[in-house]
$ cat coords-v5.cif   # mmCIF, C-alpha atoms
data_protein
loop_
_atom_site.label_atom_id
_atom_site.label_comp_id
_atom_site.auth_asym_id
_atom_site.auth_seq_id
_atom_site.Cartn_x
_atom_site.Cartn_y
_atom_site.Cartn_z
CA MET A 1 -122.85 79.86 34.81
CA LYS A 2 -126.06 77.89 35.41
CA THR A 3 -127.45 76.63 38.71
CA LEU A 4 -129.44 73.57 39.62
CA ILE A 5 -130.76 72.35 42.97
CA PHE A 6 -130.99 68.63 43.73
CA GLY A 7 -132.25 66.82 46.80
CA GLY A 8 -131.05 63.24 46.78
CA GLY A 9 -131.25 62.26 50.42
CA CYS A 10 -128.48 63.36 52.74
CA PHE A 11 -126.72 66.40 51.32
CA TRP A 12 -123.33 65.11 52.46
CA CYS A 13 -123.57 62.34 49.83
CA THR A 14 -124.86 64.54 47.04
CA GLU A 15 -122.27 67.24 47.68
CA ALA A 16 -119.43 64.69 47.79
CA ILE A 17 -120.38 63.29 44.39
CA PHE A 18 -121.02 66.50 42.47
CA LYS A 19 -117.79 68.13 43.69
CA TYR A 20 -115.97 65.68 41.40
CA VAL A 21 -117.99 66.36 38.24
CA SER A 22 -116.11 68.10 35.48
CA GLY A 23 -117.77 71.43 34.71
CA VAL A 24 -119.25 71.82 38.18
CA GLU A 25 -117.77 74.96 39.67
CA ASP A 26 -119.43 74.98 43.11
CA VAL A 27 -121.63 72.76 45.27
CA VAL A 28 -123.32 74.26 48.33
CA PRO A 29 -125.40 72.25 50.84
CA GLY A 30 -128.59 73.79 52.14
CA TYR A 31 -132.31 73.59 52.70
CA ILE A 32 -135.16 74.38 50.30
CA GLY A 33 -138.84 73.74 49.78
CA GLY A 34 -140.16 74.38 53.26
CA THR A 35 -142.01 76.99 55.24
CA THR A 36 -139.58 77.99 58.00
CA LEU A 37 -137.35 81.01 57.36
CA ASN A 38 -133.66 80.39 57.98
CA PRO A 39 -134.12 76.82 59.20
CA THR A 40 -131.40 75.08 61.17
CA TYR A 41 -130.21 71.54 60.59
CA GLU A 42 -131.89 70.45 63.80
CA GLU A 43 -135.23 71.95 62.65
CA VAL A 44 -135.01 70.37 59.20
CA CYS A 45 -134.16 66.98 60.73
CA THR A 46 -137.51 66.95 62.54
CA GLY A 47 -139.26 66.75 59.18
CA LYS A 48 -141.67 69.48 60.30
CA THR A 49 -140.29 72.40 58.26
CA GLY A 50 -141.02 70.90 54.84
CA HIS A 51 -137.47 71.54 53.67
CA ALA A 52 -135.34 69.06 51.79
CA GLU A 53 -131.64 68.65 52.36
CA ALA A 54 -130.30 69.74 48.99
CA VAL A 55 -127.29 71.00 47.10
CA LYS A 56 -127.10 74.04 44.89
CA ILE A 57 -124.85 73.24 41.95
CA SER A 58 -123.22 75.94 39.83
CA TYR A 59 -121.96 74.58 36.53
CA ASP A 60 -120.41 75.74 33.29
CA GLU A 61 -122.76 74.63 30.53
CA THR A 62 -119.89 74.67 28.03
CA LYS A 63 -118.24 71.86 30.04
CA THR A 64 -121.22 69.78 31.16
CA THR A 65 -124.92 69.58 30.37
CA LEU A 66 -128.13 69.43 32.32
CA SER A 67 -128.67 65.95 30.88
CA GLU A 68 -125.30 64.76 32.15
CA LEU A 69 -125.99 66.16 35.63
CA LEU A 70 -129.39 64.46 35.65
CA LYS A 71 -127.83 61.17 34.58
CA ILE A 72 -125.42 61.36 37.54
CA PHE A 73 -128.18 62.44 39.94
CA PHE A 74 -130.44 59.52 39.03
CA LYS A 75 -127.60 56.96 39.13
CA THR A 76 -126.21 57.99 42.52
CA HIS A 77 -129.31 57.78 44.68
CA ASP A 78 -132.60 55.84 44.75
CA PRO A 79 -135.24 57.90 42.91
CA THR A 80 -137.88 55.17 43.36
CA THR A 81 -138.33 55.31 47.13
CA ARG A 82 -140.44 58.11 48.54
CA ASN A 83 -138.94 60.12 51.41
CA ARG A 84 -136.11 57.70 52.08
CA GLN A 85 -132.48 57.12 51.18
CA GLY A 86 -131.06 54.11 52.99
CA ASN A 87 -131.68 54.56 56.72
CA ASP A 88 -132.47 58.27 56.31
CA THR A 89 -136.25 58.67 56.33
CA GLY A 90 -138.54 61.68 56.16
CA THR A 91 -139.55 64.38 53.71
CA GLN A 92 -136.22 66.12 54.29
CA TYR A 93 -134.56 63.21 52.44
CA ARG A 94 -136.92 63.19 49.47
CA SER A 95 -135.69 62.82 45.93
CA VAL A 96 -136.43 66.21 44.38
CA ILE A 97 -135.32 68.59 41.68
CA PHE A 98 -136.12 72.27 42.03
CA TYR A 99 -136.82 73.93 38.69
CA ASP A 100 -136.61 77.55 37.49
CA ASP A 101 -139.36 77.87 34.88
CA GLU A 102 -141.89 76.00 32.74
CA ASN A 103 -139.31 75.20 30.04
CA GLN A 104 -137.05 73.53 32.58
CA LEU A 105 -140.03 71.75 34.16
CA ASN A 106 -141.05 70.34 30.76
CA PHE A 107 -137.49 69.16 30.12
CA LEU A 108 -137.34 67.46 33.53
CA GLU A 109 -140.74 65.80 33.06
CA ASP A 110 -139.66 64.46 29.66
CA TYR A 111 -136.36 63.23 31.10
CA ILE A 112 -138.10 61.32 33.90
CA GLN A 113 -140.73 59.92 31.53
CA THR A 114 -137.96 58.64 29.25
CA LEU A 115 -136.22 57.01 32.22
CA ASP A 116 -139.47 55.41 33.37
CA SER A 117 -140.13 54.09 29.85
CA SER A 118 -136.62 52.63 29.62
CA ASP A 119 -137.19 50.19 32.49
CA THR A 120 -133.93 51.36 34.08
CA TYR A 121 -135.62 50.87 37.45
CA ASN A 122 -137.93 48.10 38.63
CA THR A 123 -140.50 50.65 39.80
CA LYS A 124 -141.51 54.14 38.76
CA ILE A 125 -139.46 57.19 39.68
CA VAL A 126 -140.99 59.18 42.55
CA THR A 127 -138.61 62.15 42.33
CA THR A 128 -140.69 65.29 42.77
CA LEU A 129 -140.29 68.41 40.68
CA GLU A 130 -140.82 71.55 42.73
CA LYS A 131 -140.62 75.21 41.80
CA LYS A 132 -137.52 76.84 43.28
CA THR A 133 -138.10 78.73 46.47
CA GLU A 134 -135.57 80.40 48.72
CA PHE A 135 -132.45 78.31 49.26
CA PHE A 136 -130.98 78.53 52.75
CA ILE A 137 -127.28 77.71 52.97
CA ALA A 138 -126.53 75.03 55.55
CA GLU A 139 -124.34 75.64 58.58
CA GLU A 140 -120.62 75.79 57.80
CA TYR A 141 -119.82 72.40 59.35
CA HIS A 142 -121.91 70.71 56.62
CA HIS A 143 -119.78 72.17 53.82
CA ASN A 144 -117.27 69.66 52.43
CA TYR A 145 -118.41 67.29 55.17
CA PHE A 146 -117.06 64.13 53.58
CA GLU A 147 -113.66 65.70 52.94
CA LYS A 148 -113.46 67.04 56.50
CA ASN A 149 -114.74 63.84 58.16
CA PRO A 150 -113.50 60.89 56.08
CA PHE A 151 -113.39 58.53 59.07
CA ASN A 152 -116.85 59.41 60.40
CA GLY A 153 -118.98 56.24 60.64
CA TYR A 154 -121.75 57.57 58.38
CA CYS A 155 -119.20 58.74 55.83
CA ASN A 156 -117.50 55.32 55.75
CA VAL A 157 -120.71 53.31 55.52
CA VAL A 158 -122.87 55.57 53.32
CA VAL A 159 -120.97 58.41 51.63
CA ARG A 160 -117.72 56.65 50.67
CA PRO A 161 -119.42 53.76 48.77
CA LYS A 162 -121.50 56.25 46.76
CA VAL A 163 -118.44 58.33 45.90
CA GLU A 164 -116.45 55.22 44.96
CA LYS A 165 -119.30 53.96 42.76
CA PHE A 166 -119.48 57.35 41.06
CA ARG A 167 -115.71 57.47 40.49
CA LYS A 168 -115.73 53.96 39.00
CA GLU A 169 -118.60 54.72 36.60
CA TYR A 170 -117.43 58.23 35.65
CA LYS A 171 -113.66 57.97 35.50
CA ALA A 172 -113.46 60.65 32.82
#

$ encode --input "coords-v5.cif" --output "structure tokens"
Amino acid sequence: MKTLIFGGGCFWCTEAIFKYVSGVEDVVPGYIGGTTLNPTYEEVCTGKTGHAEAVKISYDETKTTLSELLKIFFKTHDPTTRNRQGNDTGTQYRSVIFYDDENQLNFLEDYIQTLDSSDTYNTKIVTTLEKKTEFFIAEEYHHNYFEKNPFNGYCNVVVRPKVEKFRKEYKA
């Protein structure tokens, strides 16, 4: 089993998408990349802790690949806008991938460079690549948030359209 940590804006959206990916065994929302030990959601939302809302993905590399997960990550959020996803603004909503080692960093840099060269986006990708630090699991009420709160206003306006777009593009 391999793990990967993505920050793609609100972790409710990212979790809801990756839960449906074949080969992904577990998706856990949390906080990473900041300076406060054991931060709370309220602290992270201030933007003062340096943490990103992120998801820790455990996947079976015999069923899916890092490249496939990256493809989904880059297609299901805006990697060209710094510290913002829709109406969510601040460093806690940054587009970020947390890497394990230099080999993984080199792979990620090459992947992003290839995307930038392909003109997939109108502007350059601003997704940051940060060395993994301690991952703090989010409070229980954030886990499976979309599934537990399907009629929540934010879920209907923001999460549901992203999940539906993902399902349409990745039916298999």

$ closest_atom_pairs --input "coords-v5.cif" --of "segment 97-144 of chain A" --to "segment 26-44 of chain A" --cutoff "7 Å" --atoms "only C-alpha atoms" --output "CSV"
residue,atom,partner,partner_atom,distance
A:Thr133,CA,A:Gly33,CA,6.0
A:Glu134,CA,A:Ile32,CA,6.2
A:Phe135,CA,A:Ile32,CA,4.9
A:Phe136,CA,A:Tyr31,CA,5.1
A:Ile137,CA,A:Gly30,CA,4.2
A:Ala138,CA,A:Gly30,CA,4.2
A:His142,CA,A:Pro29,CA,6.9
A:His143,CA,A:Pro29,CA,6.4

$ closest_atom_pairs --input "coords-v5.cif" --of "segment 15-128 of chain A" --to "segment 151-171 of chain A" --cutoff "12 Å" --atoms "all atoms listed in the file" --output "Markdown table"
| residue | atom | partner | partner_atom | distance |
| --- | --- | --- | --- | --- |
| A:Glu15 | CA | A:Val159 | CA | 9.8 |
| A:Ala16 | CA | A:Val163 | CA | 6.7 |
| A:Ile17 | CA | A:Val163 | CA | 5.5 |
| A:Phe18 | CA | A:Val163 | CA | 9.2 |
| A:Lys19 | CA | A:Val163 | CA | 10.1 |
| A:Tyr20 | CA | A:Arg167 | CA | 8.3 |
| A:Val21 | CA | A:Tyr170 | CA | 8.6 |
| A:Ser22 | CA | A:Tyr170 | CA | 10.0 |
| A:Glu68 | CA | A:Tyr170 | CA | 10.8 |
| A:Leu69 | CA | A:Tyr170 | CA | 11.7 |
| A:Lys71 | CA | A:Tyr170 | CA | 10.9 |
| A:Ile72 | CA | A:Phe166 | CA | 8.0 |
| A:Phe73 | CA | A:Phe166 | CA | 10.1 |
| A:Phe74 | CA | A:Phe166 | CA | 11.4 |
| A:Lys75 | CA | A:Phe166 | CA | 8.4 |
| A:Thr76 | CA | A:Lys162 | CA | 6.6 |
| A:His77 | CA | A:Lys162 | CA | 8.2 |
| A:Asp78 | CA | A:Lys162 | CA | 11.3 |
| A:Gln85 | CA | A:Val158 | CA | 10.0 |
| A:Gly86 | CA | A:Val158 | CA | 8.3 |
| A:Asn87 | CA | A:Val158 | CA | 9.5 |
| A:Asp88 | CA | A:Val158 | CA | 10.4 |

$ resolve_selection --input "coords-v5.cif" --expression "the PyMOL selection byres ((chain A and resi 95) around 6)" --output "list in words"
Gly7, Gly8, Pro79, Arg94, Val96 and Thr127 of chain A

$ write_last_selection --input "coords-v5.cif" --atoms "C-alpha atoms" --output "PDB file, in the coordinates of the input"
ATOM      1  CA  GLY A   7    -132.250  66.820  46.800  1.00  0.00           C
ATOM      2  CA  GLY A   8    -131.050  63.240  46.780  1.00  0.00           C
ATOM      3  CA  PRO A  79    -135.240  57.900  42.910  1.00  0.00           C
ATOM      4  CA  ARG A  94    -136.920  63.190  49.470  1.00  0.00           C
ATOM      5  CA  VAL A  96    -136.430  66.210  44.380  1.00  0.00           C
ATOM      6  CA  THR A 127    -138.610  62.150  42.330  1.00  0.00           C
TER       7      THR A 127
END

$ atom_distance --input "coords-v5.cif" --atom1 "atom CA of Pro150 of chain A" --atom2 "atom CA of Thr14 of chain A"
15.0 Å

$ resolve_selection --input "coords-v5.cif" --expression "the PyMOL selection byres ((chain A and resi 123-126) around 8)" --output "VMD selection string"
chain A and resid 79 to 82 95 112 116 121 to 122 127 to 128

$ closest_residue --input "coords-v5.cif" --among "A:Val55, A:Leu115, A:Leu70, A:Ile97" --to "Leu129 of chain A" --atoms "all atoms listed in the file"
A:Ile97

$ resolve_selection --input "coords-v5.cif" --expression "the PyMOL selection byres ((chain A and resi 25) around 7)" --output "PyMOL selection string"
chain A and resi 23-24+26+58-60
